[in-house]
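One file, input-v1.cif, is given below (mmCIF, C-alpha atoms and all ligand atoms).
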```
data_structure
loop_
_atom_site.group_PDB
_atom_site.id
_atom_site.type_symbol
_atom_site.label_atom_id
_atom_site.label_comp_id
_atom_site.auth_asym_id
_atom_site.auth_seq_id
_atom_site.Cartn_x
_atom_site.Cartn_y
_atom_site.Cartn_z
ATOM 1 C CA MET A 736 0.000 0.000 0.000
ATOM 2 C CA SER A 737 1.983 2.894 -1.321
ATOM 3 C CA PHE A 738 0.501 5.668 0.849
ATOM 4 C CA ARG A 739 1.727 3.947 4.033
ATOM 5 C CA LEU A 740 5.311 4.655 3.087
ATOM 6 C CA PRO A 741 5.744 8.239 4.389
ATOM 7 C CA PHE A 742 4.744 7.044 7.865
ATOM 8 C CA LEU A 743 6.774 3.874 8.047
ATOM 9 C CA ARG A 744 10.141 5.261 9.062
ATOM 10 C CA LYS A 745 8.640 7.372 11.840
ATOM 11 C CA ARG A 746 6.577 4.423 13.042
ATOM 12 C CA GLU A 747 9.389 1.932 12.962
ATOM 13 C CA LYS A 748 11.477 4.110 15.225
ATOM 14 C CA GLU A 749 8.667 4.801 17.642
ATOM 15 C CA PHE A 750 7.501 1.232 17.948
ATOM 16 C CA GLN A 751 10.953 -0.275 18.097
ATOM 17 C CA GLU A 752 11.444 1.989 21.065
ATOM 18 C CA SER A 753 8.139 1.097 22.691
ATOM 19 C CA GLY A 754 8.655 -2.576 21.750
ATOM 20 C CA LYS A 755 4.877 -3.100 21.699
ATOM 21 C CA LEU A 756 2.971 -2.171 18.585
ATOM 22 C CA LYS A 757 4.837 -3.338 15.535
ATOM 23 C CA ASN A 758 1.895 -3.681 13.267
ATOM 24 C CA ILE A 759 -0.300 -0.629 12.890
ATOM 25 C CA PRO A 760 -3.386 -1.049 10.701
ATOM 26 C CA SER A 761 -3.167 1.326 7.766
ATOM 27 C CA HIS A 762 -6.935 1.762 7.590
ATOM 28 C CA VAL A 763 -9.177 1.620 10.657
ATOM 29 C CA ALA A 764 -12.962 1.806 10.281
ATOM 30 C CA ILE A 765 -15.271 2.386 13.248
ATOM 31 C CA ILE A 766 -18.968 1.759 13.781
ATOM 32 C CA MET A 767 -19.611 4.323 16.514
ATOM 33 C CA ASP A 768 -22.489 2.691 18.365
ATOM 34 C CA GLY A 769 -24.203 3.132 21.718
ATOM 35 C CA ASN A 770 -24.938 6.859 21.917
ATOM 36 C CA GLY A 771 -28.633 6.292 22.648
ATOM 37 C CA ARG A 772 -27.992 3.720 25.391
ATOM 38 C CA TRP A 773 -25.355 5.955 26.984
ATOM 39 C CA ALA A 774 -27.909 8.757 27.224
ATOM 40 C CA LYS A 775 -30.764 6.517 28.391
ATOM 41 C CA ARG A 776 -28.683 5.107 31.249
ATOM 42 C CA ARG A 777 -28.223 8.636 32.506
ATOM 43 C CA GLY A 778 -31.843 9.664 32.016
ATOM 44 C CA PHE A 779 -30.863 12.049 29.224
ATOM 45 C CA PRO A 780 -32.527 12.430 25.810
ATOM 46 C CA ARG A 781 -30.876 10.313 23.072
ATOM 47 C CA VAL A 782 -29.401 13.382 21.396
ATOM 48 C CA ALA A 783 -27.277 14.035 24.507
ATOM 49 C CA GLY A 784 -25.559 10.749 23.653
ATOM 50 C CA HIS A 785 -24.869 11.947 20.111
ATOM 51 C CA LYS A 786 -23.462 15.200 21.435
ATOM 52 C CA GLU A 787 -21.144 13.331 23.783
ATOM 53 C CA GLY A 788 -20.381 10.992 20.874
ATOM 54 C CA MET A 789 -19.021 13.986 19.005
ATOM 55 C CA GLU A 790 -16.391 14.458 21.709
ATOM 56 C CA ALA A 791 -15.562 10.746 21.565
ATOM 57 C CA THR A 792 -15.120 11.131 17.809
ATOM 58 C CA GLN A 793 -12.368 13.653 18.364
ATOM 59 C CA ARG A 794 -10.700 11.388 20.934
ATOM 60 C CA ALA A 795 -10.674 8.636 18.295
ATOM 61 C CA VAL A 796 -9.205 11.026 15.717
ATOM 62 C CA ARG A 797 -6.460 12.087 18.134
ATOM 63 C CA ALA A 798 -5.632 8.468 18.953
ATOM 64 C CA ALA A 799 -5.552 7.466 15.280
ATOM 65 C CA THR A 800 -3.184 10.312 14.414
ATOM 66 C CA LYS A 801 -1.021 9.562 17.439
ATOM 67 C CA TYR A 802 -0.544 5.944 16.311
ATOM 68 C CA HIS A 803 -0.037 6.975 12.680
ATOM 69 C CA VAL A 804 -3.047 5.313 11.149
ATOM 70 C CA ASP A 805 -3.269 6.388 7.491
ATOM 71 C CA THR A 806 -7.059 6.325 7.094
ATOM 72 C CA LEU A 807 -9.814 6.498 9.683
ATOM 73 C CA THR A 808 -13.318 5.845 8.358
ATOM 74 C CA LEU A 809 -16.176 6.674 10.746
ATOM 75 C CA PHE A 810 -19.804 5.598 10.279
ATOM 76 C CA ALA A 811 -21.603 8.853 11.131
ATOM 77 C CA PHE A 812 -25.009 8.350 9.472
ATOM 78 C CA SER A 813 -26.408 5.352 7.620
ATOM 79 C CA THR A 814 -29.007 5.243 4.858
ATOM 80 C CA GLU A 815 -31.189 3.449 7.441
ATOM 81 C CA ASN A 816 -30.852 6.215 10.068
ATOM 82 C CA TRP A 817 -33.518 8.282 8.256
ATOM 83 C CA LYS A 818 -36.062 5.981 9.983
ATOM 84 C CA ARG A 819 -35.351 7.729 13.314
ATOM 85 C CA PRO A 820 -37.621 10.501 14.655
ATOM 86 C CA THR A 821 -37.247 13.746 12.695
ATOM 87 C CA SER A 822 -35.902 15.618 15.713
ATOM 88 C CA GLU A 823 -33.077 13.076 16.128
ATOM 89 C CA VAL A 824 -32.276 13.101 12.392
ATOM 90 C CA ASP A 825 -32.167 16.916 12.451
ATOM 91 C CA PHE A 826 -29.789 16.805 15.397
ATOM 92 C CA LEU A 827 -27.533 14.260 13.665
ATOM 93 C CA MET A 828 -27.524 16.410 10.528
ATOM 94 C CA ARG A 829 -26.304 19.406 12.525
ATOM 95 C CA LEU A 830 -23.442 17.473 14.136
ATOM 96 C CA PRO A 831 -20.967 17.491 11.215
ATOM 97 C CA LYS A 832 -21.230 21.283 11.046
ATOM 98 C CA GLU A 833 -20.810 21.638 14.797
ATOM 99 C CA TYR A 834 -17.939 19.151 14.903
ATOM 100 C CA LEU A 835 -16.113 20.892 12.066
ATOM 101 C CA HIS A 836 -16.769 24.329 13.529
ATOM 102 C CA ILE A 837 -15.077 23.267 16.764
ATOM 103 C CA TYR A 838 -12.405 20.897 15.513
ATOM 104 C CA LEU A 839 -11.419 21.888 11.972
ATOM 105 C CA PRO A 840 -8.589 24.124 13.248
ATOM 106 C CA GLU A 841 -7.165 21.197 15.230
ATOM 107 C CA LEU A 842 -7.580 18.857 12.252
ATOM 108 C CA MET A 843 -5.734 21.349 10.060
ATOM 109 C CA GLU A 844 -2.983 21.631 12.625
ATOM 110 C CA LYS A 845 -2.692 17.842 12.644
ATOM 111 C CA ASN A 846 -2.446 17.860 8.831
ATOM 112 C CA VAL A 847 -5.616 15.733 8.549
ATOM 113 C CA ARG A 848 -7.442 15.565 5.223
ATOM 114 C CA ILE A 849 -11.228 15.262 5.405
ATOM 115 C CA ASP A 850 -13.309 13.317 2.947
ATOM 116 C CA THR A 851 -16.645 11.504 2.865
ATOM 117 C CA ILE A 852 -18.284 8.427 1.438
ATOM 118 C CA GLY A 853 -22.038 8.211 0.913
ATOM 119 C CA ASP A 854 -24.762 10.146 -0.829
ATOM 120 C CA LEU A 855 -24.322 13.778 0.183
ATOM 121 C CA ALA A 856 -26.776 15.075 -2.418
ATOM 122 C CA HIS A 857 -29.782 14.366 -0.195
ATOM 123 C CA LEU A 858 -28.430 15.968 2.958
ATOM 124 C CA PRO A 859 -29.621 19.375 4.193
ATOM 125 C CA LYS A 860 -27.750 22.250 2.561
ATOM 126 C CA HIS A 861 -26.056 23.339 5.819
ATOM 127 C CA THR A 862 -24.596 19.831 6.315
ATOM 128 C CA ARG A 863 -23.400 19.601 2.713
ATOM 129 C CA GLU A 864 -21.784 23.016 2.834
ATOM 130 C CA ALA A 865 -19.972 22.406 6.121
ATOM 131 C CA VAL A 866 -18.556 19.162 4.756
ATOM 132 C CA LYS A 867 -17.694 20.672 1.380
ATOM 133 C CA ASN A 868 -15.874 23.546 3.048
ATOM 134 C CA ALA A 869 -13.860 21.193 5.289
ATOM 135 C CA LYS A 870 -12.897 19.019 2.303
ATOM 136 C CA GLU A 871 -11.833 22.078 0.356
ATOM 137 C CA GLN A 872 -9.804 23.565 3.221
ATOM 138 C CA SER A 873 -8.026 20.313 4.016
ATOM 139 C CA LYS A 874 -7.522 18.985 0.495
ATOM 140 C CA ASP A 875 -3.762 19.593 0.430
ATOM 141 C CA ASN A 876 -3.104 18.046 3.842
ATOM 142 C CA ASP A 877 -1.094 14.876 3.487
ATOM 143 C CA GLY A 878 -1.423 13.403 6.971
ATOM 144 C CA MET A 879 -4.198 11.059 8.040
ATOM 145 C CA LEU A 880 -7.333 10.818 5.930
ATOM 146 C CA LEU A 881 -10.433 11.284 8.081
ATOM 147 C CA ASN A 882 -13.226 9.755 6.109
ATOM 148 C CA PHE A 883 -16.820 10.261 7.293
ATOM 149 C CA ALA A 884 -19.468 7.844 6.040
ATOM 150 C CA ILE A 885 -22.559 10.044 5.864
ATOM 151 C CA ASN A 886 -25.818 8.799 4.384
ATOM 152 C CA TYR A 887 -23.870 5.670 3.559
ATOM 153 C CA GLY A 888 -25.225 2.165 3.019
ATOM 154 C CA SER A 889 -23.125 -0.582 1.559
ATOM 155 C CA ARG A 890 -25.810 -2.388 -0.443
ATOM 156 C CA LEU A 891 -26.894 0.884 -2.024
ATOM 157 C CA GLU A 892 -23.238 1.628 -2.785
ATOM 158 C CA ILE A 893 -22.921 -1.705 -4.600
ATOM 159 C CA VAL A 894 -26.171 -1.218 -6.557
ATOM 160 C CA ARG A 895 -25.030 2.303 -7.502
ATOM 161 C CA ALA A 896 -21.710 0.883 -8.688
ATOM 162 C CA VAL A 897 -23.432 -1.731 -10.833
ATOM 163 C CA LYS A 898 -25.687 0.908 -12.409
ATOM 164 C CA GLN A 899 -22.752 3.178 -13.218
ATOM 165 C CA LEU A 900 -20.732 0.276 -14.581
ATOM 166 C CA ILE A 901 -23.571 -0.733 -16.933
ATOM 167 C CA LYS A 902 -23.989 2.888 -18.074
ATOM 168 C CA ASP A 903 -20.264 3.229 -18.755
ATOM 169 C CA TYR A 904 -20.250 -0.083 -20.605
ATOM 170 C CA LYS A 905 -23.170 0.956 -22.809
ATOM 171 C CA ASP A 906 -21.566 4.348 -23.502
ATOM 172 C CA ASN A 907 -18.224 2.701 -24.320
ATOM 173 C CA GLN A 908 -16.638 4.510 -21.390
ATOM 174 C CA ILE A 909 -15.109 1.330 -20.077
ATOM 175 C CA ALA A 910 -12.766 -0.592 -22.320
ATOM 176 C CA ILE A 911 -13.283 -4.147 -21.114
ATOM 177 C CA LYS A 912 -15.277 -7.211 -22.090
ATOM 178 C CA ILE A 913 -17.834 -8.348 -19.511
ATOM 179 C CA ASP A 914 -15.945 -11.625 -19.032
ATOM 180 C CA ASP A 915 -12.832 -9.660 -18.106
ATOM 181 C CA LEU A 916 -14.565 -7.629 -15.392
ATOM 182 C CA ASP A 917 -12.582 -8.187 -12.226
ATOM 183 C CA GLU A 918 -12.660 -7.104 -8.577
ATOM 184 C CA GLU A 919 -10.179 -4.306 -9.108
ATOM 185 C CA THR A 920 -12.236 -2.696 -11.888
ATOM 186 C CA PHE A 921 -15.481 -3.133 -9.962
ATOM 187 C CA SER A 922 -14.087 -1.600 -6.797
ATOM 188 C CA LYS A 923 -13.270 1.581 -8.719
ATOM 189 C CA TYR A 924 -17.024 2.174 -8.896
ATOM 190 C CA LEU A 925 -17.430 2.160 -5.120
ATOM 191 C CA TYR A 926 -17.301 5.298 -2.967
ATOM 192 C CA THR A 927 -14.027 3.967 -1.577
ATOM 193 C CA ASN A 928 -12.247 4.079 -4.944
ATOM 194 C CA GLY A 929 -8.579 4.769 -4.285
ATOM 195 C CA LEU A 930 -8.664 3.726 -0.620
ATOM 196 C CA SER A 931 -7.146 0.576 0.776
ATOM 197 C CA ASP A 932 -9.610 -1.815 2.448
ATOM 198 C CA PRO A 933 -9.970 -1.470 6.234
ATOM 199 C CA ASP A 934 -7.408 -3.602 8.047
ATOM 200 C CA LEU A 935 -9.263 -3.255 11.321
ATOM 201 C CA LEU A 936 -12.949 -2.654 11.954
ATOM 202 C CA ILE A 937 -13.949 -1.568 15.464
ATOM 203 C CA ARG A 938 -17.534 -1.614 16.716
ATOM 204 C CA THR A 939 -18.504 -0.272 20.104
ATOM 205 C CA SER A 940 -21.482 -1.022 22.379
ATOM 206 C CA GLY A 941 -21.311 -4.822 22.349
ATOM 207 C CA GLU A 942 -23.155 -5.307 19.065
ATOM 208 C CA GLN A 943 -21.394 -7.702 16.714
ATOM 209 C CA ARG A 944 -22.630 -7.039 13.212
ATOM 210 C CA LEU A 945 -21.714 -4.968 10.169
ATOM 211 C CA SER A 946 -25.037 -3.110 9.785
ATOM 212 C CA ASN A 947 -24.578 -2.496 6.067
ATOM 213 C CA PHE A 948 -21.147 -0.872 6.533
ATOM 214 C CA LEU A 949 -18.351 -1.505 3.995
ATOM 215 C CA LEU A 950 -19.572 -5.015 3.115
ATOM 216 C CA TRP A 951 -17.306 -5.368 0.075
ATOM 217 C CA GLN A 952 -14.350 -3.604 1.656
ATOM 218 C CA CYS A 953 -14.352 -5.601 4.920
ATOM 219 C CA ALA A 954 -14.020 -8.989 3.188
ATOM 220 C CA TYR A 955 -10.661 -9.568 4.904
ATOM 221 C CA SER A 956 -10.741 -7.004 7.716
ATOM 222 C CA GLU A 957 -10.030 -7.974 11.296
ATOM 223 C CA PHE A 958 -12.934 -7.192 13.638
ATOM 224 C CA TYR A 959 -12.661 -5.828 17.162
ATOM 225 C CA PHE A 960 -15.771 -5.583 19.303
ATOM 226 C CA THR A 961 -15.897 -3.762 22.621
ATOM 227 C CA ASP A 962 -18.717 -3.290 25.122
ATOM 228 C CA VAL A 963 -17.705 0.349 25.631
ATOM 229 C CA LEU A 964 -20.471 2.712 24.488
ATOM 230 C CA TRP A 965 -19.292 5.240 21.927
ATOM 231 C CA PRO A 966 -19.490 8.332 24.196
ATOM 232 C CA ASP A 967 -17.115 6.539 26.604
ATOM 233 C CA PHE A 968 -14.575 5.771 23.844
ATOM 234 C CA THR A 969 -11.045 6.827 24.768
ATOM 235 C CA GLU A 970 -7.520 6.550 23.472
ATOM 236 C CA GLU A 971 -7.077 3.545 25.797
ATOM 237 C CA VAL A 972 -9.880 1.667 24.030
ATOM 238 C CA PHE A 973 -8.247 2.449 20.690
ATOM 239 C CA TYR A 974 -4.918 1.236 22.039
ATOM 240 C CA GLU A 975 -6.538 -2.003 23.268
ATOM 241 C CA ALA A 976 -7.892 -2.588 19.773
ATOM 242 C CA LEU A 977 -4.413 -2.028 18.317
ATOM 243 C CA LEU A 978 -2.894 -4.411 20.855
ATOM 244 C CA ASP A 979 -5.450 -7.069 19.972
ATOM 245 C CA TYR A 980 -4.698 -6.526 16.286
ATOM 246 C CA GLN A 981 -1.033 -7.421 16.957
ATOM 247 C CA LYS A 982 -2.105 -11.023 17.640
ATOM 248 C CA ARG A 983 -4.056 -11.451 14.419
ATOM 249 C CA LYS A 984 -2.622 -13.641 11.682
ATOM 250 C CA ARG A 985 -3.969 -12.398 8.378
ATOM 251 C CA ARG A 986 -3.910 -15.151 5.789
ATOM 252 C CA TYR A 987 -6.369 -13.851 3.198
ATOM 253 C CA GLY A 988 -7.545 -17.394 2.523
ATOM 254 C CA GLY A 989 -4.002 -18.749 2.247
ATOM 255 C CA ILE A 990 -2.175 -20.806 4.840
HETATM 256 C C1 LIG B 1 -25.145 5.077 16.831
HETATM 257 O O1 LIG B 1 -25.621 5.136 18.150
HETATM 258 C C2 LIG B 1 -24.666 6.363 16.418
HETATM 259 C C3 LIG B 1 -25.173 7.100 15.392
HETATM 260 C C4 LIG B 1 -26.266 6.639 14.537
HETATM 261 C C5 LIG B 1 -24.673 8.435 15.087
HETATM 262 C C6 LIG B 1 -23.181 8.567 15.078
HETATM 263 C C7 LIG B 1 -22.840 9.951 15.433
HETATM 264 C C8 LIG B 1 -21.878 10.282 16.281
HETATM 265 C C9 LIG B 1 -20.995 9.297 16.917
HETATM 266 C C10 LIG B 1 -21.640 11.691 16.621
HETATM 267 C C11 LIG B 1 -20.431 12.257 15.955
HETATM 268 C C12 LIG B 1 -20.685 12.564 14.537
HETATM 269 C C13 LIG B 1 -19.947 13.437 13.827
HETATM 270 C C14 LIG B 1 -20.292 13.668 12.419
HETATM 271 C C15 LIG B 1 -18.832 14.198 14.392
HETATM 272 P P1 LIG B 1 -27.154 4.836 18.430
HETATM 273 O O2 LIG B 1 -27.872 6.113 18.476
HETATM 274 O O3 LIG B 1 -27.671 3.843 17.444
HETATM 275 O O4 LIG B 1 -27.052 4.187 19.862
HETATM 276 P P2 LIG B 1 -27.991 3.070 20.481
HETATM 277 O O5 LIG B 1 -27.778 1.820 19.678
HETATM 278 O O6 LIG B 1 -27.491 2.945 21.875
HETATM 279 O O7 LIG B 1 -29.399 3.564 20.392
#
```

Would you mind writing the structure in this file as structure tokens?
Amino acid sequence: MSFRLPFLRKREKEFQESGKLKNIPSHVAIIMDGNGRWAKRRGFPRVAGHKEGMEATQRAVRAATKYHVDTLTLFAFSTENWKRPTSEVDFLMRLPKEYLHIYLPELMEKNVRIDTIGDLAHLPKHTREAVKNAKEQSKDNDGMLLNFAINYGSRLEIVRAVKQLIKDYKDNQIAIKIDDLDEETFSKYLYTNGLSDPDLLIRTSGEQRLSNFLLWQCAYSEFYFTDVLWPDFTEEVFYEALLDYQKRKRRYGGI
């Protein structure tokens, strides 16, 4: 994975010294779950959990940059989340703007580039503009890529890719025969085109499922599940996940 290279020398030195983490996942994806339960346990409205989840998000970003992860993909809003009450959806739609308002200066200082996967076209204008502005401002940063999945659903992503592929084929925009279509060509039609697949997928709150997140891309990812609810997520939890990852033997179907 070519874009790991700039970080390797720095990492090698640091981890040789610490003697602990020798194998840092290049791409970490997180399903940030448990905001509602966190709030309920405290007798707060669900949105208080999302608000606290925003702070946990920044703790995760800080930890990922500290350990020199190349890409951090966070599941912020799924295509299924529209089923929630309008007031909760409205709150969730305001969070990217609020998060970026507070933390964009720190992200810039950390040389983080911001990007998104998912269908932004159907988001409220204020959400789209906040995200667009952050992408634009950070586009030349060459540190960690912070990738928010917003209005993202993996099955829809795959159907969208198939549609576009058929269109391109019909319009002679793609110079291959159907029989030669391979995984590499297909994956170029996904939102994640150009990204490496997640090496490590973390899900908080004790749930152990993918919930329509990066189905294609997680084919060979290592999974780490923790009972910690997202608003309680800390650098220590991230570190635990990295430690656990050290033990994994990735064989990709080989021996
Ligand atoms: C899942 O918890 C969480 C979400 C659907 C929203 C994720 C949003 C954040 C973590 C806030 C930060 C976002 C940004 C853009 C900075 P849930 O509500 O499903 O929790 P529950 O399963 O306990 O009900």

Residue with smallest distance to Arg781 in chain A - pool A:Asp934, A:Glu823, A:Asp979, A:Asp903, counting all atoms listed in the file: A:Glu823

Chain and number of each residue from the PyMOL selection byres (((chain A and resi 829) around 12) and not hetatm), as a ChimeraX atom specification: /A:782,785-786,789,811-812,822-828,830-836,858-866

Separation of CA of Asn886 in chain A from CA of Ala856 in chain A in Å: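 Taking CA of Ala856 in chain A as the start and CA of Asn886 in chain A as the end point, the length is 9.3 Å.
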
Give me, as a Markdown table, the closest atom pair and its distance (Å, one decimal) for every residue of range 777-895 of chain A within a cut-off of 12 Å of range 755-758 of chain A, counting only C-alpha atoms, rows sorted by chain and rising number.
```
| residue | atom | partner | partner_atom | distance |
| --- | --- | --- | --- | --- |
| A:Tyr802 | CA | A:Leu756 | CA | 9.1 |
| A:His803 | CA | A:Asn758 | CA | 10.8 |
| A:Val804 | CA | A:Asn758 | CA | 10.5 |
```

Two-atom distance - CA of Lys902 in chain A, CA of Lys867 in chain A (Å):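 Separation of CA of Lys902 in chain A and CA of Lys867 in chain A: 27.1 Å.
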
Explicit residue set for the PyMOL selection byres (((chain A and resi 969) around 12) and not hetatm), as an MDAnalysis selection string: chainID A and resid 788 790:799 939 961 963:968 970:976

Of the listed residues A:Phe960, A:Trp773, A:Phe810, A:Tyr838, that which approaches Thr851 in chain A most closely, counting all atoms listed in the file: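 Checking each candidate against Thr851 in chain A, we get A:Phe810 as the closest.
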